[in-house]
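Trainee: Can you keep this structure in mind? I'll have questions shortly.
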2 protein chains.
Amino acid sequence: MTTEPELDGPALPFGPTTAVPDRLDTGVDRAVEILAQARDMCGPILRESVDSLPDPLRRMAGYHFGWWNPDGSPSRAGSGKALRPALAFCTAALFDTGPALVAPAAAAIELVHNFALIHDDVIDGDLTRRGIPAVWAVWGMADAVLLGDALHALAVRVLVAHVPSAAVGAAVDRMESSVIEMCRGQQEDCSFDGRHVTGVLDYERMAMGKTGALMGAACALGALCAGASKAEVSALDRFGRELGLAFQYTDDLIGIWGDPKVTGKPVSDLKRRKKSLPVVAALRSGTPAARELTALYQSDMPMSPADIARATHLIEAAGGRETTQYHADQRIDAAIAELPDLAAAEDLVALARIVSHRDR
Amino acid sequence: MTTEPELDGPALPFGPTTAVPDRLDTGVDRAVEILAQARDMCGPILRESVDSLPDPLRRMAGYHFGWWNPDGSPSRAGSGKALRPALAFCTAALFDTGPALVAPAAAAIELVHNFALIHDDVIDGDLTRRGIPAVWAVWGMADAVLLGDALHALAVRVLVAHVPSAAVGAAVDRMESSVIEMCRGQQEDCSFDGRHVTGVLDYERMAMGKTGALMGAACALGALCAGASKAEVSALDRFGRELGLAFQYTDDLIGIWGDPKVTGKPVSDLKRRKKSLPVVAALRSGTPAARELTALYQSDMPMSPADIARATHLIEAAGGRETTQYHADQRIDAAIAELPDLAAAEDLVALARIVSHRDR
């Protein structure tokens, strides 16, 4: 239980968001293009490294990445968004460093991200990932834990094999310290769901570990591969971390208000009474809606579709949705404020904008 | 199912084992001393690195290492044997390299070993580790998976922070490739228990991954830190791998015939119909005992204490115990044959001897 002051409350002023509607469309197009390029640029090294795994780990990994079906036949399942690789590429580009030098770091971060997803699905009991059954739902818990472990090791091997030797020690250390933070954040996330009170600052600390740290590492590694100074690496790490918070908050919005057909996640976060930011903010709002929501969250009964609909309404009535969008926008502003040269960093800004205005 | 030729069978000649009774006692004393020294020498860096973890991961890790109770109070639970650190120290000593230079690598390997134990206990559902409840039995599956992930990352950080820069890339790569092999081996081990036929060669391949690879890495890292040549590093890696096989086979013997009061493992491997080497060898023996054992292993009924006693007898009658001891001794011979200079490698030989003549 926290005694820290809260960041927000029902009385918080809601200023204009950072989204600039008349420029957003161009930014979205550019961001979509950047993400597609990032997938293309780290695809070969990702494929090559996964191919180096012994079977059946190799086969499971390729299934998880959406390359093939459980039996090894080609699949049309989608891969991830490649946001973290894109951050690494765009960060390096700030220092005029091309993709070839950064691709291994981008692939390594993507491997870490995916090892964490595979373990998270085990931990959370999530049956579906990107619209297809999660690895553990196909091969069982044991294989999913082991595949995650192997992808983690593979990420380190990719870095050590390919990153310029002057940067390799710092790059590996930065990536692995983000893994430790990520574990801390995920551990806190799990523990929140069993606690009665979670403050917004607690939530922010959790999200910084669970989501911010690795996005920070993606940017830091891009900068390290480009030979940036310590101060530059740190600033870009902070950019990534702020972006990570915005990403998590947006994820929380999607987890309640997203369209399952678009998100590939069939179940609302509310079904298992997840204490995501909209819920935390609503519970702390001191409104009548908060009191009713508290009762719903404290009940031992399974959440029915009607309960979920009611909780969704209560969270919105208590300001949870608006507060979360506000925090997401604030974090985007904070991220952009870390960028040294906005004109040169247009692509990073485009990525930042899309993070808080996405539907999946 | 394998079509490979089998390494053994009931007709195999059983030569004298490699144990030299009149020298064994001295060897045991020396090995016990080496292990105690190894614990002392990598203790501080292990403690320091675990202390760098954020709570509650730090607290869980210290509990797992036997340093404190779940509430943080000091514990008298035993730590591990420190065999892998001892291998790293003794290997480096072959090249006149003292413990200070090798301690980080020894600690890193010990961290990897323990991350794997924590995940294995989750996977196997083992409630007890070193005589105390396993991490997952205290904190749950989610926290145990995350703690394992964090210790894996910590191992990499320790290597990167402390290993001489000329060796760091090779050391990290060797350690992480052994992790991938370990995952492959553990995955095979899990899959064996559901299959009807496992050959001894299949079993050996599994054990080389599950146990041999990391012991090989312990020796390889000791040699790398000492600036050994590629050929020397490879020979010592092979020494460690052979030793690892002997260790696994001895573990299998202890898993059936060990005294639970000594081993800290309260349950026979037979209770859950584990296909360890004595069982595999017995099932493949073509004897009447093998047929009765096959029926016991194919039954869906839980194994009663009487069933376990009967299975234990059948495995022995079918030659499974003797065959396993034979393979363990053979592996010790093969390990020792990899050592470049036996006189200088007395400590490694002492460790090798104790591995196949231990009771826990």
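Each chain of the structure tokens is named A, B, ... in the order shown, its residues numbered from 1; ligands are numbered from 1 in display order.
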Output as a list in words the set of chain B residues within 6 Å of chain A, with distances taken over only C-alpha atoms.

Mentor: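 The contacting residues on chain B are Ile123, Ala142, Leu146, Ala150, Ala153, Arg157, Val160, Gly169, Asp173, Glu176, Ile180 and Cys183 of chain B.
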
Trainee: Please provide the set of residues having any atom within 10 Å of Ala290 (chain B), restricted to only C-alpha atoms, with same-chain residues fewer than 2 positions apart removed, written as a CSV table (one decimal) with N, CA and C atoms, in the first residue's frame.

Mentor:
chain,number,residue,atom,x,y,z
B,279,VAL,N,15.8,-46.7,-15.6
B,279,VAL,CA,14.5,-47.2,-16.1
B,279,VAL,C,14.6,-47.5,-17.6
B,280,VAL,N,15.2,-46.5,-18.4
B,280,VAL,CA,15.4,-46.7,-19.8
B,280,VAL,C,16.2,-48.0,-20.1
B,281,ALA,N,17.3,-48.1,-19.4
B,281,ALA,CA,18.2,-49.3,-19.6
B,281,ALA,C,17.4,-50.6,-19.2
B,282,ALA,N,16.6,-50.5,-18.2
B,282,ALA,CA,15.9,-51.7,-17.7
B,282,ALA,C,14.8,-52.1,-18.8
B,283,LEU,N,14.1,-51.0,-19.2
B,283,LEU,CA,13.0,-51.3,-20.2
B,283,LEU,C,13.5,-51.9,-21.5
B,284,ARG,N,14.8,-51.5,-21.8
B,284,ARG,CA,15.3,-52.0,-23.1
B,284,ARG,C,16.1,-53.3,-22.9
B,285,SER,N,16.0,-54.0,-21.7
B,285,SER,CA,16.9,-55.1,-21.5
B,285,SER,C,16.3,-56.4,-22.1
B,286,GLY,N,15.1,-56.5,-22.4
B,286,GLY,CA,14.5,-57.7,-23.0
B,286,GLY,C,14.3,-58.8,-22.0
B,287,THR,N,14.4,-58.5,-20.7
B,287,THR,CA,14.3,-59.5,-19.6
B,287,THR,C,12.8,-59.6,-19.2
B,288,PRO,N,12.4,-60.6,-18.5
B,288,PRO,CA,11.1,-60.7,-17.9
B,288,PRO,C,10.8,-59.5,-17.0
B,292,GLU,N,7.5,-56.8,-17.0
B,292,GLU,CA,6.7,-56.4,-15.8
B,292,GLU,C,6.8,-54.9,-15.6
B,293,LEU,N,8.0,-54.3,-15.7
B,293,LEU,CA,8.2,-52.9,-15.5
B,293,LEU,C,7.5,-52.1,-16.6
B,294,THR,N,7.5,-52.6,-17.8
B,294,THR,CA,6.7,-51.9,-18.9
B,294,THR,C,5.3,-51.8,-18.5
B,295,ALA,N,4.7,-52.9,-18.0
B,295,ALA,CA,3.3,-52.9,-17.6
B,295,ALA,C,3.0,-51.8,-16.5
B,296,LEU,N,3.9,-51.8,-15.5
B,296,LEU,CA,3.8,-50.8,-14.4
B,296,LEU,C,3.9,-49.4,-15.0
B,311,ALA,N,8.9,-51.7,-8.6
B,311,ALA,CA,9.6,-51.2,-9.8
B,311,ALA,C,11.1,-51.1,-9.5
B,314,LEU,N,12.6,-54.4,-9.9
B,314,LEU,CA,12.6,-54.9,-11.3
B,314,LEU,C,13.7,-54.2,-12.1
B,315,ILE,N,13.9,-52.9,-11.8
B,315,ILE,CA,15.0,-52.2,-12.5
B,315,ILE,C,16.3,-52.8,-12.2
B,317,ALA,N,16.8,-55.9,-11.1
B,317,ALA,CA,16.9,-57.2,-11.7
B,317,ALA,C,17.1,-57.2,-13.2
B,318,ALA,N,16.6,-56.1,-13.9
B,318,ALA,CA,16.8,-56.0,-15.3
B,318,ALA,C,18.2,-55.4,-15.7
B,319,GLY,N,19.0,-55.1,-14.7
B,319,GLY,CA,20.4,-54.6,-14.9
B,319,GLY,C,20.4,-53.1,-15.0
B,320,GLY,N,19.3,-52.4,-14.8
B,320,GLY,CA,19.3,-50.9,-15.0
B,320,GLY,C,20.2,-50.2,-14.0

Trainee: Using only C-alpha atoms, can you tell me which of A:Thr324, A:Pro133, A:Phe65, A:Gly216 comes closest to Glu204 (chain A)?

Mentor: A:Thr324

Trainee: Write out as a PyMOL selection string all residues of region 126-242 of chain A that backbone DSSP assigns to strand (DSSP E or B).

Mentor: chain A and resi 128-129+132-133

Trainee: What lies within 12 Å of Asp251 (chain B) using only C-alpha atoms, ignoring chain neighbours under 4 positions off, as a PyMOL selection string?

Mentor: chain B and resi 207+211+244-247+255-258+263+265+268-269+276-278+321+324-325+328+355-360

Trainee: Would you write out those residues with C-alpha atoms, as a JSON list (two decimals), in the first residue's frame?

Mentor:
[["chain", "number", "residue", "atom", "x", "y", "z"],
["B", 207, "ALA", "CA", 21.44, -35.47, -20.55],
["B", 211, "THR", "CA", 23.33, -31.32, -17.48],
["B", 244, "GLY", "CA", 27.96, -33.69, -16.58],
["B", 245, "LEU", "CA", 26.77, -36.95, -18.08],
["B", 246, "ALA", "CA", 28.31, -38.89, -15.18],
["B", 247, "PHE", "CA", 26.64, -36.43, -12.80],
["B", 255, "GLY", "CA", 16.69, -40.56, -7.57],
["B", 256, "ILE", "CA", 15.78, -44.22, -7.08],
["B", 257, "TRP", "CA", 18.19, -45.62, -4.49],
["B", 258, "GLY", "CA", 19.16, -42.45, -2.59],
["B", 263, "THR", "CA", 19.30, -36.16, -0.66],
["B", 265, "LYS", "CA", 14.43, -35.08, -2.27],
["B", 268, "SER", "CA", 11.48, -41.42, -5.71],
["B", 269, "ASP", "CA", 11.74, -40.60, -9.43],
["B", 276, "SER", "CA", 15.65, -41.87, -15.97],
["B", 277, "LEU", "CA", 18.58, -43.91, -17.28],
["B", 278, "PRO", "CA", 18.14, -46.93, -14.95],
["B", 321, "ARG", "CA", 21.26, -49.99, -11.88],
["B", 324, "THR", "CA", 23.78, -46.83, -15.23],
["B", 325, "GLN", "CA", 26.76, -47.11, -12.87],
["B", 328, "ALA", "CA", 28.67, -43.11, -15.21],
["B", 355, "VAL", "CA", 30.71, -36.83, -8.97],
["B", 356, "SER", "CA", 30.10, -40.51, -9.60],
["B", 357, "HIS", "CA", 30.49, -41.58, -5.97],
["B", 358, "ARG", "CA", 28.17, -39.29, -4.08],
["B", 359, "ASP", "CA", 24.98, -39.85, -2.15],
["B", 360, "ARG", "CA", 23.24, -36.53, -2.80]]

Trainee: Write out as a list in words the residues lying within 8 Å of region 86-95 of chain B, counting only C-alpha atoms and excluding same-chain residues fewer than 5 positions away.

Mentor: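 These residues fall inside the cut-off: Ile34, Leu35, Gln37, Ala38, Arg39, Val102, Ala103, Ala105, Ala106, Met215, Ala218, Cys219, Ala220, Leu221, Gly222, Ala223, Cys225, Ala226, Ala228, Leu236, Gly240, Ala344, Ala345, Asp347, Leu348 and Leu351 of chain B.
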
Trainee: Convert the current residue selection to file output with C-alpha atoms, as a PDB file, in the first residue's frame.

Mentor:
ATOM      1  CA  ILE B  34      37.640 -27.767  -3.158  1.00  0.00           C
ATOM      2  CA  LEU B  35      33.850 -27.408  -3.093  1.00  0.00           C
ATOM      3  CA  GLN B  37      36.623 -23.187  -1.143  1.00  0.00           C
ATOM      4  CA  ALA B  38      34.602 -22.611  -4.318  1.00  0.00           C
ATOM      5  CA  ARG B  39      31.558 -21.633  -2.237  1.00  0.00           C
ATOM      6  CA  VAL B 102      37.551 -16.407 -12.265  1.00  0.00           C
ATOM      7  CA  ALA B 103      35.085 -15.689  -9.439  1.00  0.00           C
ATOM      8  CA  ALA B 105      32.480 -16.408 -14.220  1.00  0.00           C
ATOM      9  CA  ALA B 106      32.008 -18.987 -11.459  1.00  0.00           C
ATOM     10  CA  MET B 215      29.241 -28.110 -16.745  1.00  0.00           C
ATOM     11  CA  ALA B 218      31.813 -23.857 -16.379  1.00  0.00           C
ATOM     12  CA  CYS B 219      35.118 -25.412 -17.433  1.00  0.00           C
ATOM     13  CA  ALA B 220      35.265 -23.462 -20.704  1.00  0.00           C
ATOM     14  CA  LEU B 221      34.731 -20.178 -18.859  1.00  0.00           C
ATOM     15  CA  GLY B 222      37.438 -21.018 -16.338  1.00  0.00           C
ATOM     16  CA  ALA B 223      39.803 -21.648 -19.241  1.00  0.00           C
ATOM     17  CA  CYS B 225      39.268 -16.308 -18.095  1.00  0.00           C
ATOM     18  CA  ALA B 226      42.755 -17.804 -17.832  1.00  0.00           C
ATOM     19  CA  ALA B 228      43.695 -20.552 -22.609  1.00  0.00           C
ATOM     20  CA  LEU B 236      38.046 -28.602 -21.008  1.00  0.00           C
ATOM     21  CA  GLY B 240      32.943 -30.774 -18.219  1.00  0.00           C
ATOM     22  CA  ALA B 344      48.525 -30.695 -12.834  1.00  0.00           C
ATOM     23  CA  ALA B 345      44.829 -31.558 -12.958  1.00  0.00           C
ATOM     24  CA  ASP B 347      41.837 -31.283  -8.360  1.00  0.00           C
ATOM     25  CA  LEU B 348      39.695 -31.763 -11.457  1.00  0.00           C
ATOM     26  CA  LEU B 351      35.993 -33.562  -8.517  1.00  0.00           C
TER      27      LEU B 351
END

Trainee: For the atom pair CA of Met208 (chain B) and CA of Gln330 (chain B), what is the interatomic distance in Å to one decimal place?

Mentor: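 Distance between the two atoms: 14.4 Å.
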
Trainee: Excluding Ala235 (chain A) and any residue of its chain fewer than 4 positions from it, enumerate the residues within 7 Å of it, using only C-alpha atoms, and give them as a VMD selection string.

Mentor: chain A and resid 231 239 338

Trainee: Go ahead and dump the residues you just picked, C-alpha atoms, as a PDB file, in the first residue's frame.

Mentor:
ATOM      1  CA  ALA A 231      24.456  11.619 -22.207  1.00  0.00           C
ATOM      2  CA  PHE A 239      12.614   8.893 -24.417  1.00  0.00           C
ATOM      3  CA  GLU A 338      13.934  14.264 -24.325  1.00  0.00           C
TER       4      GLU A 338
END

Trainee: Would you list the contacts of Tyr63 (chain A) as a list in words, taking every protein, DNA or RNA residue within 10 Å and counting only C-alpha atoms, but skipping same-chain residues closer than 5 positions in sequence?

Mentor: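 Within the cut-off, the hits are Leu57, Arg58, Trp68, Asn69, Pro70, Asp71, Gly72, Ser73, Pro74, Ser75, Ala77, Ser79, Ile132, Pro133, Ala134, Val135 and Val138 of chain A.
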
Trainee: Only N, CA and C atoms, please: the residues just picked out, written as a PDB file, in the first residue's frame.

Mentor:
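What follows is the written file selection13.pdb:
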ATOM      1  N   LEU A  57      12.452 -26.409 -30.301  1.00  0.00           N
ATOM      2  CA  LEU A  57      12.395 -25.002 -29.869  1.00  0.00           C
ATOM      3  C   LEU A  57      12.285 -24.083 -31.083  1.00  0.00           C
ATOM      4  N   ARG A  58      13.025 -24.424 -32.147  1.00  0.00           N
ATOM      5  CA  ARG A  58      13.003 -23.624 -33.373  1.00  0.00           C
ATOM      6  C   ARG A  58      11.584 -23.542 -33.935  1.00  0.00           C
ATOM      7  N   TRP A  68       5.027 -19.852 -39.181  1.00  0.00           N
ATOM      8  CA  TRP A  68       4.476 -21.139 -39.601  1.00  0.00           C
ATOM      9  C   TRP A  68       3.507 -21.670 -38.557  1.00  0.00           C
ATOM     10  N   ASN A  69       2.765 -22.694 -38.966  1.00  0.00           N
ATOM     11  CA  ASN A  69       1.791 -23.332 -38.082  1.00  0.00           C
ATOM     12  C   ASN A  69       2.512 -24.306 -37.146  1.00  0.00           C
ATOM     13  N   PRO A  70       1.803 -24.826 -36.138  1.00  0.00           N
ATOM     14  CA  PRO A  70       2.467 -25.757 -35.210  1.00  0.00           C
ATOM     15  C   PRO A  70       3.149 -26.931 -35.915  1.00  0.00           C
ATOM     16  N   ASP A  71       2.604 -27.349 -37.062  1.00  0.00           N
ATOM     17  CA  ASP A  71       3.216 -28.487 -37.767  1.00  0.00           C
ATOM     18  C   ASP A  71       4.347 -28.066 -38.694  1.00  0.00           C
ATOM     19  N   GLY A  72       4.661 -26.778 -38.757  1.00  0.00           N
ATOM     20  CA  GLY A  72       5.780 -26.325 -39.579  1.00  0.00           C
ATOM     21  C   GLY A  72       5.363 -25.784 -40.940  1.00  0.00           C
ATOM     22  N   SER A  73       4.099 -25.940 -41.326  1.00  0.00           N
ATOM     23  CA  SER A  73       3.650 -25.405 -42.621  1.00  0.00           C
ATOM     24  C   SER A  73       3.535 -23.881 -42.538  1.00  0.00           C
ATOM     25  N   PRO A  74       3.695 -23.190 -43.700  1.00  0.00           N
ATOM     26  CA  PRO A  74       3.700 -21.720 -43.666  1.00  0.00           C
ATOM     27  C   PRO A  74       2.398 -21.164 -43.108  1.00  0.00           C
ATOM     28  N   SER A  75       2.493 -20.079 -42.360  1.00  0.00           N
ATOM     29  CA  SER A  75       1.331 -19.479 -41.716  1.00  0.00           C
ATOM     30  C   SER A  75       1.129 -18.065 -42.223  1.00  0.00           C
ATOM     31  N   ALA A  77      -0.390 -15.966 -40.063  1.00  0.00           N
ATOM     32  CA  ALA A  77      -0.590 -15.203 -38.827  1.00  0.00           C
ATOM     33  C   ALA A  77       0.348 -13.996 -38.842  1.00  0.00           C
ATOM     34  N   SER A  79       2.970 -11.113 -37.584  1.00  0.00           N
ATOM     35  CA  SER A  79       4.046 -10.953 -36.614  1.00  0.00           C
ATOM     36  C   SER A  79       3.684  -9.793 -35.701  1.00  0.00           C
ATOM     37  N   ILE A 132      -3.781 -15.944 -32.478  1.00  0.00           N
ATOM     38  CA  ILE A 132      -3.618 -17.409 -32.575  1.00  0.00           C
ATOM     39  C   ILE A 132      -3.349 -17.947 -31.161  1.00  0.00           C
ATOM     40  N   PRO A 133      -3.528 -19.258 -30.938  1.00  0.00           N
ATOM     41  CA  PRO A 133      -3.290 -19.797 -29.594  1.00  0.00           C
ATOM     42  C   PRO A 133      -1.853 -19.505 -29.121  1.00  0.00           C
ATOM     43  N   ALA A 134      -1.735 -19.109 -27.856  1.00  0.00           N
ATOM     44  CA  ALA A 134      -0.417 -18.845 -27.279  1.00  0.00           C
ATOM     45  C   ALA A 134       0.421 -20.127 -27.279  1.00  0.00           C
ATOM     46  N   VAL A 135       1.738 -19.973 -27.228  1.00  0.00           N
ATOM     47  CA  VAL A 135       2.637 -21.130 -27.265  1.00  0.00           C
ATOM     48  C   VAL A 135       2.255 -22.158 -26.190  1.00  0.00           C
ATOM     49  N   VAL A 138      -0.599 -24.355 -26.996  1.00  0.00           N
ATOM     50  CA  VAL A 138      -0.348 -25.401 -27.997  1.00  0.00           C
ATOM     51  C   VAL A 138       0.546 -26.500 -27.419  1.00  0.00           C
TER      52      VAL A 138
END
